[in-house]
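Novice: My file is data.cif. It has mmCIF, C-alpha atoms:
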```cif
data_protein
#
loop_
_atom_site.label_atom_id
_atom_site.label_comp_id
_atom_site.auth_asym_id
_atom_site.auth_seq_id
_atom_site.Cartn_x
_atom_site.Cartn_y
_atom_site.Cartn_z
CA MET I 1 53.74 62.70 126.13
CA GLU I 2 50.33 63.28 127.74
CA ASN I 3 47.83 65.47 125.92
CA ALA I 4 47.71 68.65 127.97
CA VAL I 5 45.35 70.63 125.71
CA ASN I 6 42.17 70.16 127.80
CA SER I 7 43.78 68.86 130.97
CA PHE I 8 42.78 69.96 134.46
CA ASP I 9 46.23 71.43 135.11
CA MET I 10 45.90 73.60 131.99
CA TRP I 11 42.70 75.05 133.43
CA ILE I 12 44.67 75.93 136.58
CA ALA I 13 47.60 77.41 134.64
CA CYS I 14 45.27 79.45 132.43
CA SER I 15 43.27 80.68 135.40
CA ILE I 16 46.28 82.72 136.64
CA MET I 17 45.86 85.24 133.82
CA VAL I 18 42.08 85.38 134.25
CA ILE I 19 42.62 86.04 137.96
CA ALA I 20 45.11 88.80 137.06
CA VAL I 21 42.52 90.39 134.72
CA VAL I 22 39.79 90.33 137.35
CA ALA I 23 42.15 91.45 140.13
CA GLN I 24 43.28 94.43 138.07
CA SER I 25 39.69 95.49 137.51
CA ALA I 26 38.88 95.03 141.19
CA VAL I 27 41.83 97.27 142.08
CA PHE I 28 40.72 100.00 139.69
CA PHE I 29 37.06 99.66 140.69
CA ARG I 30 38.09 100.24 144.29
CA ALA I 31 40.28 103.21 143.32
CA GLY I 32 37.41 104.71 141.31
CA LEU I 33 34.95 104.15 144.17
CA LYS I 34 37.30 105.77 146.69
CA ARG I 35 37.77 108.76 144.39
CA ALA I 36 33.99 108.98 143.84
CA ARG I 37 33.45 109.13 147.60
CA GLU I 38 36.09 111.87 147.94
CA LEU I 39 34.19 113.84 145.29
CA ASN I 40 30.84 113.15 147.02
CA ILE I 41 29.33 111.62 143.91
CA PRO I 42 25.90 110.25 144.93
CA ARG I 43 25.66 106.47 145.22
CA GLU I 44 22.68 106.43 142.84
CA LYS I 45 24.82 107.99 140.12
CA LEU I 46 27.52 105.37 140.57
CA ILE I 47 24.95 102.57 140.37
CA HIS I 48 23.48 104.03 137.16
CA GLY I 49 26.92 104.36 135.60
CA CYS I 50 27.99 100.81 136.47
CA ARG I 51 24.66 99.32 135.46
CA SER I 52 24.72 100.98 132.05
CA ALA I 53 28.31 99.80 131.52
CA ALA I 54 27.30 96.26 132.50
CA ILE I 55 24.31 96.21 130.15
CA THR I 56 26.41 97.67 127.33
CA ALA I 57 29.01 94.93 127.78
CA ILE I 58 26.57 92.02 127.40
CA GLY I 59 25.88 92.09 123.64
CA PRO I 60 29.48 92.41 122.40
CA THR I 61 30.62 89.77 124.92
CA LEU I 62 28.00 87.31 123.63
CA SER I 63 29.23 88.08 120.14
CA SER I 64 32.77 87.07 121.06
CA CYS I 65 31.40 83.93 122.77
CA ILE I 66 30.04 82.81 119.41
CA VAL I 67 33.61 82.75 118.09
CA LEU I 68 34.62 80.76 121.17
CA LEU I 69 34.00 77.36 119.57
CA ALA I 70 36.32 78.20 116.68
CA LEU I 71 39.08 79.10 119.13
CA VAL I 72 38.41 75.99 121.26
CA ALA I 73 38.89 73.85 118.16
CA VAL I 74 42.35 75.39 117.65
CA ILE I 75 43.80 75.68 121.16
CA GLY I 76 41.47 73.78 123.51
CA ALA I 77 38.98 75.08 126.04
CA PRO I 78 41.31 76.25 128.88
CA SER I 79 43.53 78.28 126.54
CA ALA I 80 40.50 79.66 124.65
CA TRP I 81 38.95 80.73 127.97
CA MET I 82 42.16 82.49 128.96
CA ARG I 83 42.80 84.16 125.60
CA LEU I 84 39.23 85.41 125.20
CA ASN I 85 39.48 87.00 128.64
CA ASP I 86 42.78 88.72 127.94
CA ILE I 87 44.05 91.14 125.30
CA GLY I 88 43.64 89.96 121.72
CA ALA I 89 40.36 89.39 119.91
CA ALA I 90 39.46 85.82 118.97
CA ARG I 91 40.25 86.53 115.32
CA THR I 92 43.73 87.81 116.30
CA GLU I 93 44.42 84.72 118.40
CA ILE I 94 43.32 82.46 115.55
CA ALA I 95 45.59 84.46 113.21
CA VAL I 96 48.55 84.03 115.60
CA ALA I 97 47.83 80.30 115.95
CA THR I 98 47.78 79.96 112.17
CA MET I 99 50.95 82.04 111.77
CA VAL I 100 52.93 79.89 114.18
CA GLU I 101 52.13 76.63 112.37
CA SER I 102 55.14 77.22 110.12
CA VAL I 103 57.45 77.19 113.15
CA ILE I 104 56.02 74.06 114.78
CA PRO I 105 58.10 70.99 113.92
CA ALA I 106 56.28 68.55 111.65
CA GLY I 107 54.67 65.60 113.42
CA SER I 108 54.49 67.38 116.80
CA ASN I 109 51.91 66.09 119.24
CA PRO I 110 49.06 68.33 120.49
CA THR I 111 50.92 69.31 123.70
CA VAL I 112 53.96 70.54 121.78
CA LYS I 113 51.74 72.43 119.30
CA LEU I 114 49.94 74.05 122.22
CA ALA I 115 53.28 75.08 123.76
CA TYR I 116 54.35 76.85 120.57
CA THR I 117 50.93 78.51 120.23
CA GLN I 118 50.90 79.66 123.84
CA TRP I 119 54.36 81.21 123.42
CA ALA I 120 53.31 83.03 120.25
CA MET I 121 50.08 84.34 121.81
CA GLY I 122 51.95 85.30 124.97
CA LEU I 123 54.55 87.26 122.98
CA ASN I 124 51.86 89.08 120.98
CA ASN I 125 49.92 89.98 124.11
CA MET I 126 53.12 91.12 125.80
CA GLY I 127 53.58 93.60 122.95
CA TRP I 128 50.22 95.21 123.63
CA MET I 129 50.77 95.35 127.36
CA LEU I 130 54.35 96.62 127.18
CA VAL I 131 53.34 99.54 124.95
CA ALA I 132 50.49 100.43 127.31
CA LEU I 133 52.88 100.19 130.27
CA LEU I 134 55.43 102.49 128.65
CA LEU I 135 53.15 105.04 126.97
CA THR I 136 50.24 105.54 129.36
CA PRO I 137 52.11 107.53 132.05
CA SER I 138 53.36 110.06 129.50
CA MET I 139 49.97 110.32 127.79
CA GLY I 140 48.29 111.09 131.13
CA THR I 141 50.97 113.64 132.01
CA MET I 142 50.67 115.22 128.56
CA LEU I 143 46.93 115.59 129.03
CA ASN I 144 47.41 117.28 132.41
CA LYS I 145 49.90 119.72 130.85
CA MET I 146 47.47 120.47 128.02
CA ASN I 147 44.76 121.29 130.55
CA SER I 148 47.14 123.62 132.41
CA ASN I 149 48.50 125.42 129.35
CA PHE I 150 45.46 125.65 127.12
CA ASN I 151 41.76 126.46 127.39
CA PRO I 152 40.29 123.39 129.19
CA LYS I 153 37.14 123.60 127.07
CA ALA I 154 39.24 123.45 123.90
CA VAL I 155 41.18 120.47 125.28
CA LYS I 156 37.91 118.74 126.17
CA MET I 157 36.47 119.26 122.70
CA VAL I 158 39.68 118.13 121.01
CA MET I 159 39.80 114.94 123.14
CA HIS I 160 36.12 114.31 122.38
CA GLY I 161 37.08 114.73 118.73
CA ALA I 162 39.71 112.03 119.19
CA ALA I 163 37.01 109.62 120.43
CA LEU I 164 34.84 110.63 117.46
CA GLY I 165 37.72 109.90 115.08
CA LEU I 166 38.25 106.49 116.64
CA PHE I 167 34.62 105.41 116.36
CA ALA I 168 34.22 106.99 112.94
CA ASN I 169 37.12 104.82 111.78
CA LEU I 170 35.56 101.69 113.29
CA LEU I 171 32.14 102.52 111.81
CA ALA I 172 33.54 103.32 108.38
CA GLY I 173 35.64 100.15 108.49
CA GLY I 174 32.60 98.11 109.51
CA THR I 175 30.50 99.32 106.56
CA LEU I 176 32.80 100.23 103.66
CA GLY I 177 33.14 97.34 101.25
CA LYS I 178 30.57 95.31 103.20
CA ALA I 179 27.24 94.05 101.92
CA MET I 180 24.05 96.09 102.35
CA PRO I 181 22.88 94.35 105.57
CA SER I 182 25.83 95.98 107.40
CA TRP I 183 24.76 99.42 106.19
CA PHE I 184 21.18 98.74 107.20
CA ALA I 185 22.35 97.53 110.60
CA ALA I 186 24.34 100.74 111.13
CA GLY I 187 21.54 102.98 109.89
CA ALA I 188 18.90 101.26 112.02
CA ALA I 189 21.13 101.47 115.11
CA VAL I 190 21.63 105.22 114.55
CA PHE I 191 17.88 105.68 114.17
CA GLY I 192 17.28 103.61 117.31
CA ILE I 193 19.62 105.51 119.57
CA VAL I 194 18.63 108.94 118.24
CA PHE I 195 14.95 108.05 118.79
CA ILE I 196 15.56 106.86 122.35
CA LEU I 197 17.72 109.85 123.26
CA LYS I 198 15.24 112.33 121.75
CA PHE I 199 12.03 110.94 123.24
CA PHE I 200 13.20 109.01 126.29
CA GLY I 201 16.37 110.87 127.19
CA LYS I 202 15.07 111.69 130.67
CA ASN I 203 14.11 108.10 131.46
CA GLN I 204 17.09 106.87 133.44
CA ARG I 205 16.40 103.16 132.99
CA LEU I 206 15.88 103.44 129.23
CA LEU I 207 19.01 105.53 128.95
CA GLU I 208 21.04 102.74 130.55
CA LEU I 209 19.55 100.25 128.10
CA SER I 210 19.70 102.57 125.10
CA LEU I 211 22.92 101.27 123.55
CA GLY I 212 21.86 97.67 123.97
CA ILE I 213 18.43 98.37 122.47
CA ALA I 214 19.93 100.27 119.52
CA MET I 215 22.39 97.44 118.91
CA VAL I 216 19.61 94.83 118.91
CA ILE I 217 17.55 96.99 116.53
CA GLY I 218 20.54 97.31 114.21
CA MET I 219 21.39 93.59 114.32
CA THR I 220 17.76 92.61 113.75
CA VAL I 221 17.32 94.95 110.79
CA GLY I 222 20.63 93.79 109.31
CA ALA I 223 19.65 90.13 109.62
CA ALA I 224 16.12 90.82 108.34
CA TYR I 225 17.49 92.55 105.24
CA TYR I 226 19.91 89.66 104.70
CA TYR I 227 17.11 87.08 104.79
CA MET I 228 14.77 89.22 102.69
CA THR I 229 17.32 89.46 99.92
CA LEU I 230 18.35 85.78 99.93
CA MET M 1 42.87 114.08 135.68
CA ASN M 2 43.73 115.31 139.18
CA SER M 3 47.49 114.76 139.55
CA ASP M 4 47.24 112.77 142.83
CA PHE M 5 44.64 110.44 141.33
CA ASN M 6 46.69 110.26 138.13
CA SER M 7 49.83 109.26 140.07
CA LYS M 8 47.86 106.60 141.91
CA ILE M 9 46.43 105.26 138.64
CA ILE M 10 49.88 105.12 137.03
CA ARG M 11 51.27 103.27 140.05
CA LEU M 12 48.39 100.76 140.09
CA GLY M 13 48.55 100.40 136.32
CA THR M 14 52.28 99.72 136.33
CA ILE M 15 51.94 97.03 138.99
CA THR M 16 48.86 95.31 137.51
CA VAL M 17 50.03 95.36 133.89
CA SER M 18 53.48 94.03 134.90
CA ALA M 19 51.75 91.22 136.82
CA ALA M 20 49.55 90.51 133.80
CA ILE M 21 52.58 90.28 131.48
CA ALA M 22 54.04 87.63 133.78
CA ALA M 23 50.70 85.77 134.20
CA ASN M 24 50.33 85.75 130.42
CA PHE M 25 53.27 83.30 130.17
CA VAL M 26 52.25 80.93 132.98
CA PRO M 27 50.57 78.33 130.68
CA ALA M 28 53.59 78.34 128.35
CA LEU M 29 55.98 77.93 131.27
CA TRP M 30 53.75 75.25 132.82
CA LEU M 31 53.83 73.23 129.61
CA TRP M 32 57.63 73.38 129.80
CA VAL M 33 57.93 72.48 133.49
CA ARG M 34 55.24 69.77 133.56
CA TYR M 35 55.46 68.30 130.04
CA GLY M 36 58.90 69.37 128.79
CA ALA M 37 57.27 71.10 125.81
CA ILE M 38 59.01 74.34 124.82
CA PRO M 39 60.22 75.93 121.59
CA THR M 40 63.96 76.59 121.25
CA LEU M 41 65.19 80.11 121.99
CA GLY M 42 65.69 80.63 118.26
CA GLU M 43 62.11 79.59 117.55
CA ILE M 44 60.83 81.92 120.28
CA MET M 45 62.76 84.82 118.70
CA THR M 46 61.33 83.84 115.30
CA MET M 47 57.80 83.93 116.69
CA TRP M 48 58.54 87.28 118.35
CA GLY M 49 59.65 88.63 114.98
CA MET M 50 56.51 87.28 113.30
CA VAL M 51 54.04 88.82 115.74
CA THR M 52 55.96 92.11 115.85
CA ALA M 53 55.88 92.34 112.07
CA ALA M 54 52.18 91.48 111.95
CA PHE M 55 50.90 93.45 114.91
CA GLY M 56 53.69 95.76 116.14
CA MET M 57 52.28 98.81 114.41
CA SER M 58 48.84 98.07 115.88
CA TRP M 59 50.32 97.90 119.39
CA LEU M 60 51.53 101.48 119.02
CA VAL M 61 48.82 103.02 116.87
CA GLN M 62 45.88 101.58 118.79
CA ASN M 63 47.35 102.52 122.18
CA LEU M 64 47.79 106.12 121.00
CA SER M 65 44.47 106.28 119.13
CA TYR M 66 42.29 104.87 121.87
CA TYR M 67 43.78 106.87 124.76
CA GLY M 68 41.55 109.91 124.15
CA GLY M 69 38.41 107.83 124.61
CA LEU M 70 39.67 105.40 127.24
CA GLY M 71 41.71 107.61 129.55
CA SER M 72 44.45 106.15 131.74
CA VAL M 73 42.38 103.59 133.66
CA GLY M 74 40.55 102.49 130.52
CA THR M 75 43.90 102.09 128.75
CA TYR M 76 45.47 99.95 131.48
CA VAL M 77 42.36 97.76 131.75
CA SER M 78 41.70 97.50 128.00
CA TRP M 79 45.19 96.42 127.06
CA VAL M 80 45.04 93.63 129.64
CA ALA M 81 41.43 92.51 129.30
CA GLY M 82 41.10 93.31 125.61
CA THR M 83 38.13 94.25 123.39
CA ALA M 84 38.77 97.97 123.86
CA ALA M 85 36.59 99.08 120.94
CA ASP M 86 33.73 96.60 121.31
CA ILE M 87 33.24 96.51 125.06
CA ARG M 88 35.40 98.86 127.14
CA MET M 89 34.95 102.12 125.21
CA PRO M 90 31.20 101.73 124.73
CA GLY M 91 30.87 100.86 128.43
CA ILE M 92 32.77 103.99 129.49
CA THR M 93 30.90 106.16 126.96
CA MET M 94 27.47 105.02 128.14
CA ALA M 95 28.41 105.34 131.81
CA HIS M 96 29.43 108.96 131.18
CA LYS M 97 26.24 109.55 129.23
CA VAL M 98 23.79 108.27 131.85
CA THR M 99 25.61 110.05 134.69
CA GLY M 100 26.04 113.32 132.82
CA THR M 101 29.80 113.25 133.32
CA GLU M 102 32.63 113.68 130.87
CA ALA M 103 35.97 112.04 130.28
CA ASN M 104 39.04 113.78 131.71
CA THR M 105 37.08 115.40 134.53
CA PRO M 106 37.45 114.27 138.16
CA GLU M 107 33.91 112.83 138.28
CA GLY M 108 34.23 111.33 134.83
CA ASP M 109 37.53 109.64 135.71
CA ALA M 110 36.09 108.08 138.88
CA ILE M 111 32.97 106.83 137.10
CA GLY M 112 34.99 105.73 134.08
CA ALA M 113 37.28 103.63 136.29
CA MET M 114 34.28 101.90 137.88
CA ALA M 115 32.50 101.48 134.54
CA VAL M 116 35.39 99.89 132.67
CA SER M 117 36.05 97.54 135.59
CA THR M 118 32.37 96.56 135.59
CA THR M 119 32.57 95.64 131.90
CA VAL M 120 35.43 93.28 132.75
CA PHE M 121 33.43 91.58 135.51
CA VAL M 122 30.57 91.05 133.03
CA SER M 123 32.73 89.83 130.16
CA VAL M 124 34.76 87.44 132.32
CA THR M 125 31.58 85.99 133.83
CA LEU M 126 29.86 85.44 130.48
CA ILE M 127 32.97 84.09 128.74
CA SER M 128 33.59 81.72 131.65
CA ILE M 129 30.01 80.42 131.51
CA PHE M 130 30.21 79.92 127.76
CA SER M 131 33.64 78.29 127.99
CA ILE M 132 32.11 75.60 130.17
CA ILE M 133 28.70 75.16 128.56
CA GLY M 134 29.29 76.77 125.16
CA GLY M 135 29.93 73.49 123.43
CA THR M 136 26.39 72.42 124.38
CA ILE M 137 24.53 75.72 124.02
CA LEU M 138 26.07 77.36 120.97
CA PRO M 139 25.14 74.68 118.40
CA LEU M 140 21.52 74.97 119.63
CA LEU M 141 21.30 78.69 118.79
CA PRO M 142 18.97 79.36 115.85
CA GLU M 143 20.74 80.25 112.64
CA THR M 144 18.89 83.59 112.57
CA VAL M 145 20.44 84.57 115.90
CA LYS M 146 23.93 83.63 114.72
CA THR M 147 23.31 85.66 111.54
CA ALA M 148 22.17 88.67 113.56
CA PHE M 149 25.40 88.60 115.56
CA LYS M 150 27.34 89.01 112.32
CA TYR M 151 26.01 92.59 112.23
CA ILE M 152 26.80 93.50 115.81
CA GLN M 153 29.88 95.52 114.97
CA PRO M 154 28.34 98.03 112.54
CA ALA M 155 25.31 98.26 114.86
CA LEU M 156 27.48 98.79 117.93
CA PHE M 157 29.84 101.34 116.42
CA ALA M 158 26.98 103.24 114.77
CA SER M 159 24.96 103.46 117.97
CA VAL M 160 27.98 104.54 120.06
CA TYR M 161 28.81 107.16 117.43
CA ALA M 162 25.26 108.46 117.30
CA SER M 163 25.14 108.63 121.11
CA MET M 164 27.92 111.21 120.85
CA PHE M 165 25.92 113.45 118.50
CA PRO M 166 24.34 115.63 121.20
CA LYS M 167 27.71 116.63 122.60
CA ASP M 168 29.07 118.13 119.38
CA LEU M 169 26.99 117.42 116.29
CA PHE M 170 29.14 119.60 114.03
CA ALA M 171 32.36 117.78 114.91
CA ALA M 172 30.57 114.41 114.68
CA VAL M 173 29.27 115.00 111.17
CA LEU M 174 32.57 116.50 109.98
CA THR M 175 34.60 113.66 111.46
CA LEU M 176 32.33 110.97 110.04
CA ALA M 177 32.37 112.43 106.54
CA GLY M 178 36.12 112.96 106.73
CA SER M 179 36.75 109.43 108.04
CA TYR M 180 34.75 107.78 105.26
CA ALA M 181 36.62 109.91 102.71
CA ALA M 182 39.95 109.05 104.36
CA LEU M 183 39.27 105.31 104.34
CA VAL M 184 38.19 105.43 100.69
CA TYR M 185 40.83 107.74 99.23
CA LEU M 186 43.96 107.63 101.38
CA PRO M 187 44.83 103.99 100.59
CA THR M 188 44.61 104.80 96.86
CA ILE M 189 47.45 107.30 97.21
CA GLY M 190 49.67 104.88 99.07
CA PHE M 191 48.86 106.04 102.62
CA PRO M 192 49.84 103.13 104.91
CA LYS M 193 46.74 101.30 106.20
CA ALA M 194 48.43 100.89 109.59
CA PHE M 195 48.19 104.66 110.13
CA LEU M 196 44.58 105.17 109.02
CA MET M 197 43.34 104.99 112.60
CA LEU M 198 45.76 107.74 113.67
CA ALA M 199 44.67 109.80 110.65
CA THR M 200 40.97 109.67 111.54
CA VAL M 201 41.73 110.37 115.21
CA ALA M 202 43.74 113.44 114.13
CA LEU M 203 40.83 114.41 111.87
CA GLY M 204 38.44 114.15 114.79
CA MET M 205 40.71 116.26 116.98
CA ALA M 206 40.86 118.91 114.24
CA ALA M 207 37.06 118.81 113.92
CA GLY M 208 36.75 119.24 117.68
CA TYR M 209 39.05 122.25 117.59
CA ILE M 210 37.22 123.82 114.64
CA SER M 211 33.95 123.35 116.50
CA PHE M 212 35.44 125.05 119.57
CA ARG M 213 36.61 128.04 117.51
CA LEU M 214 33.21 128.34 115.81
CA GLN M 215 31.40 128.22 119.15
CA ASN M 216 33.74 130.87 120.57
CA ARG M 217 33.21 133.10 117.57
CA THR M 218 29.43 132.77 117.90
CA ALA M 219 29.60 133.52 121.62
CA ALA M 220 31.85 136.58 121.12
#
```
Please, can you express the file's structure as structure tokens?
Specialist:
Amino acid sequence: MENAVNSFDMWIACSIMVIAVVAQSAVFFRAGLKRARELNIPREKLIHGCRSAAITAIGPTLSSCIVLLALVAVIGAPSAWMRLNDIGAARTEIAVATMVESVIPAGSNPTVKLAYTQWAMGLNNMGWMLVALLLTPSMGTMLNKMNSNFNPKAVKMVMHGAALGLFANLLAGGTLGKAMPSWFAAGAAVFGIVFILKFFGKNQRLLELSLGIAMVIGMTVGAAYYYMTL
Amino acid sequence: MNSDFNSKIIRLGTITVSAAIAANFVPALWLWVRYGAIPTLGEIMTMWGMVTAAFGMSWLVQNLSYYGGLGSVGTYVSWVAGTAADIRMPGITMAHKVTGTEANTPEGDAIGAMAVSTTVFVSVTLISIFSIIGGTILPLLPETVKTAFKYIQPALFASVYASMFPKDLFAAVLTLAGSYAALVYLPTIGFPKAFLMLATVALGMAAGYISFRLQNRTAA
């Protein structure tokens, strides 16, 4: 059996999902733009919003690219490219690939191993997407009903609280039980963003870059502390 | 969200996510058709059981927990393109911040849809570039840079959290303190780890409501 892991046809097969990801975003971008025009939102505002989102996305994406090589070693470049672009963090995909090793028949060639791994990853990703498919309509409808039946300001503050709870969990999880550099990274990032918002909050360009700058400050301080205490 | 726009989003989301579910299996099906490589039905069901046991709770909890911050468009996009916490939510949050809009408002929904889509265009572009040249570039990165990237998550989550301070500092401080306490103490009393995210989200919602009541009392 030919080794399909890094074959040209695997690149083609894997590109279908990447195309689906990009196409979905193009569809929603267009829907958002159409709605923005209906609401007469100035073009400048849209550009600022998209630019800040783009800049914000760069750092974390580069971070996941660093894990790329580890994933390539496990499932080959085409599948790694596909799986990093779809649902499932690199560490989850590596975990699924490891989990499925017990199911793969002993002595299987790389193509067979890849087939088993692709099925396992596909099934896991399907779980995420199915739940989103089934739950999102009712969550949106529930939110509309809440806005109709309750004080909209209260609903807004409660939903903002939900976002706070989510990020507080992620922040606490990213620092609790971790070494001091992580705490320093978090603290420095907080200082960075608070400083920028307080003194440069009216500078549109800096505001767009603020999250990226704060992240770099945090990462740099974390790494500096790590090397200082080596 | 305006109900017409919401209906449109649900329709688009249903179509695109359904297409993504199918596209997700194309490589596996291709390996079967072209190379004859496929697990048995029993093995597929075994793998389904394994991933459901390992991640099933996360599918449900994370979808519910993240909805408040992502909204409908963000949810549909994030659970297809992934990295909801690291890339999509921060992108939406910062887009709202620089435009002075809020989630779950007509303007905020429109800008949020464009913002989350933009993050996908960026991430796909960068990941694609690195997939092709990463094998050459990544080993050349200085060790200090690779070390710095180890701290991106606490830095990212801390800066996103702090960016939300101006909107409701009271709720932010209360939620943060409560979340740290929850993550430290709840597991010690047997609270399932799978539900900790839901617990802190509920805590945040309660903090938001308390803040609303306090503001109303002050205004009255």
Novice: Evaluate the PyMOL selection byres ((chain I and resi 111-116) around 10) here and jot the selected residues down as a PyMOL selection string.
Specialist: (chain I and resi 1-6+74-76+79+97+100-101+103-110+117-122) or (chain M and resi 27-32+35-40+43-44+47)
Novice: Generate the output file for the selected residues, C-alpha atoms, as a PDB file, in the coordinates of the input.
Specialist:
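In the end it all went to selection.pdb:
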```pdb
ATOM      1  CA  MET I   1      53.740  62.700 126.130  1.00  0.00           C
ATOM      2  CA  GLU I   2      50.330  63.280 127.740  1.00  0.00           C
ATOM      3  CA  ASN I   3      47.830  65.470 125.920  1.00  0.00           C
ATOM      4  CA  ALA I   4      47.710  68.650 127.970  1.00  0.00           C
ATOM      5  CA  VAL I   5      45.350  70.630 125.710  1.00  0.00           C
ATOM      6  CA  ASN I   6      42.170  70.160 127.800  1.00  0.00           C
ATOM      7  CA  VAL I  74      42.350  75.390 117.650  1.00  0.00           C
ATOM      8  CA  ILE I  75      43.800  75.680 121.160  1.00  0.00           C
ATOM      9  CA  GLY I  76      41.470  73.780 123.510  1.00  0.00           C
ATOM     10  CA  SER I  79      43.530  78.280 126.540  1.00  0.00           C
ATOM     11  CA  ALA I  97      47.830  80.300 115.950  1.00  0.00           C
ATOM     12  CA  VAL I 100      52.930  79.890 114.180  1.00  0.00           C
ATOM     13  CA  GLU I 101      52.130  76.630 112.370  1.00  0.00           C
ATOM     14  CA  VAL I 103      57.450  77.190 113.150  1.00  0.00           C
ATOM     15  CA  ILE I 104      56.020  74.060 114.780  1.00  0.00           C
ATOM     16  CA  PRO I 105      58.100  70.990 113.920  1.00  0.00           C
ATOM     17  CA  ALA I 106      56.280  68.550 111.650  1.00  0.00           C
ATOM     18  CA  GLY I 107      54.670  65.600 113.420  1.00  0.00           C
ATOM     19  CA  SER I 108      54.490  67.380 116.800  1.00  0.00           C
ATOM     20  CA  ASN I 109      51.910  66.090 119.240  1.00  0.00           C
ATOM     21  CA  PRO I 110      49.060  68.330 120.490  1.00  0.00           C
ATOM     22  CA  THR I 117      50.930  78.510 120.230  1.00  0.00           C
ATOM     23  CA  GLN I 118      50.900  79.660 123.840  1.00  0.00           C
ATOM     24  CA  TRP I 119      54.360  81.210 123.420  1.00  0.00           C
ATOM     25  CA  ALA I 120      53.310  83.030 120.250  1.00  0.00           C
ATOM     26  CA  MET I 121      50.080  84.340 121.810  1.00  0.00           C
ATOM     27  CA  GLY I 122      51.950  85.300 124.970  1.00  0.00           C
TER      28      GLY I 122
ATOM     29  CA  PRO M  27      50.570  78.330 130.680  1.00  0.00           C
ATOM     30  CA  ALA M  28      53.590  78.340 128.350  1.00  0.00           C
ATOM     31  CA  LEU M  29      55.980  77.930 131.270  1.00  0.00           C
ATOM     32  CA  TRP M  30      53.750  75.250 132.820  1.00  0.00           C
ATOM     33  CA  LEU M  31      53.830  73.230 129.610  1.00  0.00           C
ATOM     34  CA  TRP M  32      57.630  73.380 129.800  1.00  0.00           C
ATOM     35  CA  TYR M  35      55.460  68.300 130.040  1.00  0.00           C
ATOM     36  CA  GLY M  36      58.900  69.370 128.790  1.00  0.00           C
ATOM     37  CA  ALA M  37      57.270  71.100 125.810  1.00  0.00           C
ATOM     38  CA  ILE M  38      59.010  74.340 124.820  1.00  0.00           C
ATOM     39  CA  PRO M  39      60.220  75.930 121.590  1.00  0.00           C
ATOM     40  CA  THR M  40      63.960  76.590 121.250  1.00  0.00           C
ATOM     41  CA  GLU M  43      62.110  79.590 117.550  1.00  0.00           C
ATOM     42  CA  ILE M  44      60.830  81.920 120.280  1.00  0.00           C
ATOM     43  CA  MET M  47      57.800  83.930 116.690  1.00  0.00           C
TER      44      MET M  47
END
```
Novice: Give me the residues within 8 Å of range 48-51 of chain I as a ChimeraX atom specification, counting only C-alpha atoms and dropping any in the same chain fewer than 4 places off.
Specialist: /I:44,55,204,208 /M:94-96,98-99,111,114-115,118
Novice: For C-alpha atoms, I'd like the residues from the last selection saved as a compact mmCIF listing (two decimals), in the frame of the given file.
Specialist:
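The resulting out_21.txt:
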```txt
# COMPACT_ATOMS: atom_id res chain seq x y z
CA GLU I 44 22.68 106.43 142.84
CA ILE I 55 24.31 96.21 130.15
CA GLN I 204 17.09 106.87 133.44
CA GLU I 208 21.04 102.74 130.55
CA MET M 94 27.47 105.02 128.14
CA ALA M 95 28.41 105.34 131.81
CA HIS M 96 29.43 108.96 131.18
CA VAL M 98 23.79 108.27 131.85
CA THR M 99 25.61 110.05 134.69
CA ILE M 111 32.97 106.83 137.10
CA MET M 114 34.28 101.90 137.88
CA ALA M 115 32.50 101.48 134.54
CA THR M 118 32.37 96.56 135.59
```
Novice: Enumerate, as a list of chain:residue names, the residues matched when the PyMOL selection byres ((chain M and resi 130-132) around 7) is run on the file above.
Specialist: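 Listing what the PyMOL selection byres ((chain M and resi 130-132) around 7) selects in the shown file: I:Cys65, I:Ala77, I:Trp81, M:Leu126, M:Ile127, M:Ser128, M:Ile129, M:Ile133, M:Gly134.
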Novice: If you apply the PyMOL selection byres ((chain M and resi 165-168) around 9) to this file, what residues do you get, as a list of chain:residue names?
Specialist: I:Met157, I:His160, I:Gly161, I:Val194, M:Tyr161, M:Ala162, M:Ser163, M:Met164, M:Leu169, M:Phe170, M:Ala171, M:Ala172, M:Val173, M:Gly208, M:Ser211
Novice: When you look at Trp79 in chain M with a cut-off of 7 Å (counting all atoms listed in the file), what residues show up, excluding the ones that are within fewer than 5 positions of it in the same chain? I need them as a list in words.
Specialist: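 The filter keeps Ile87, Trp128, Met129 and Ala132 of chain I.
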Novice: Find the residues around range 72-75 of chain M up to 7 Å (all atoms listed in the file counted), leave out those fewer than 3 positions away in its own chain, and share them as an mmCIF file with C-alpha atoms, in the frame of the given file.
Specialist:
```cif
data_model
loop_
_atom_site.group_PDB
_atom_site.id
_atom_site.type_symbol
_atom_site.label_atom_id
_atom_site.label_comp_id
_atom_site.auth_asym_id
_atom_site.auth_seq_id
_atom_site.Cartn_x
_atom_site.Cartn_y
_atom_site.Cartn_z
ATOM 1 C CA ALA I 132 50.490 100.430 127.310
ATOM 2 C CA THR I 136 50.240 105.540 129.360
ATOM 3 C CA GLY I 140 48.290 111.090 131.130
ATOM 4 C CA ILE M 9 46.430 105.260 138.640
ATOM 5 C CA TYR M 67 43.780 106.870 124.760
ATOM 6 C CA SER M 78 41.700 97.500 128.000
ATOM 7 C CA TRP M 79 45.190 96.420 127.060
ATOM 8 C CA ALA M 113 37.280 103.630 136.290
ATOM 9 C CA VAL M 116 35.390 99.890 132.670
#
```
Novice: Nearest to chain M among I:Met159, I:Leu230, I:Leu206, I:Met146, with distances taken over all atoms listed in the file: which residue is it?
Specialist: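 Comparing I:Met159, I:Leu230, I:Leu206, I:Met146 against chain M, the winner is I:Met159.
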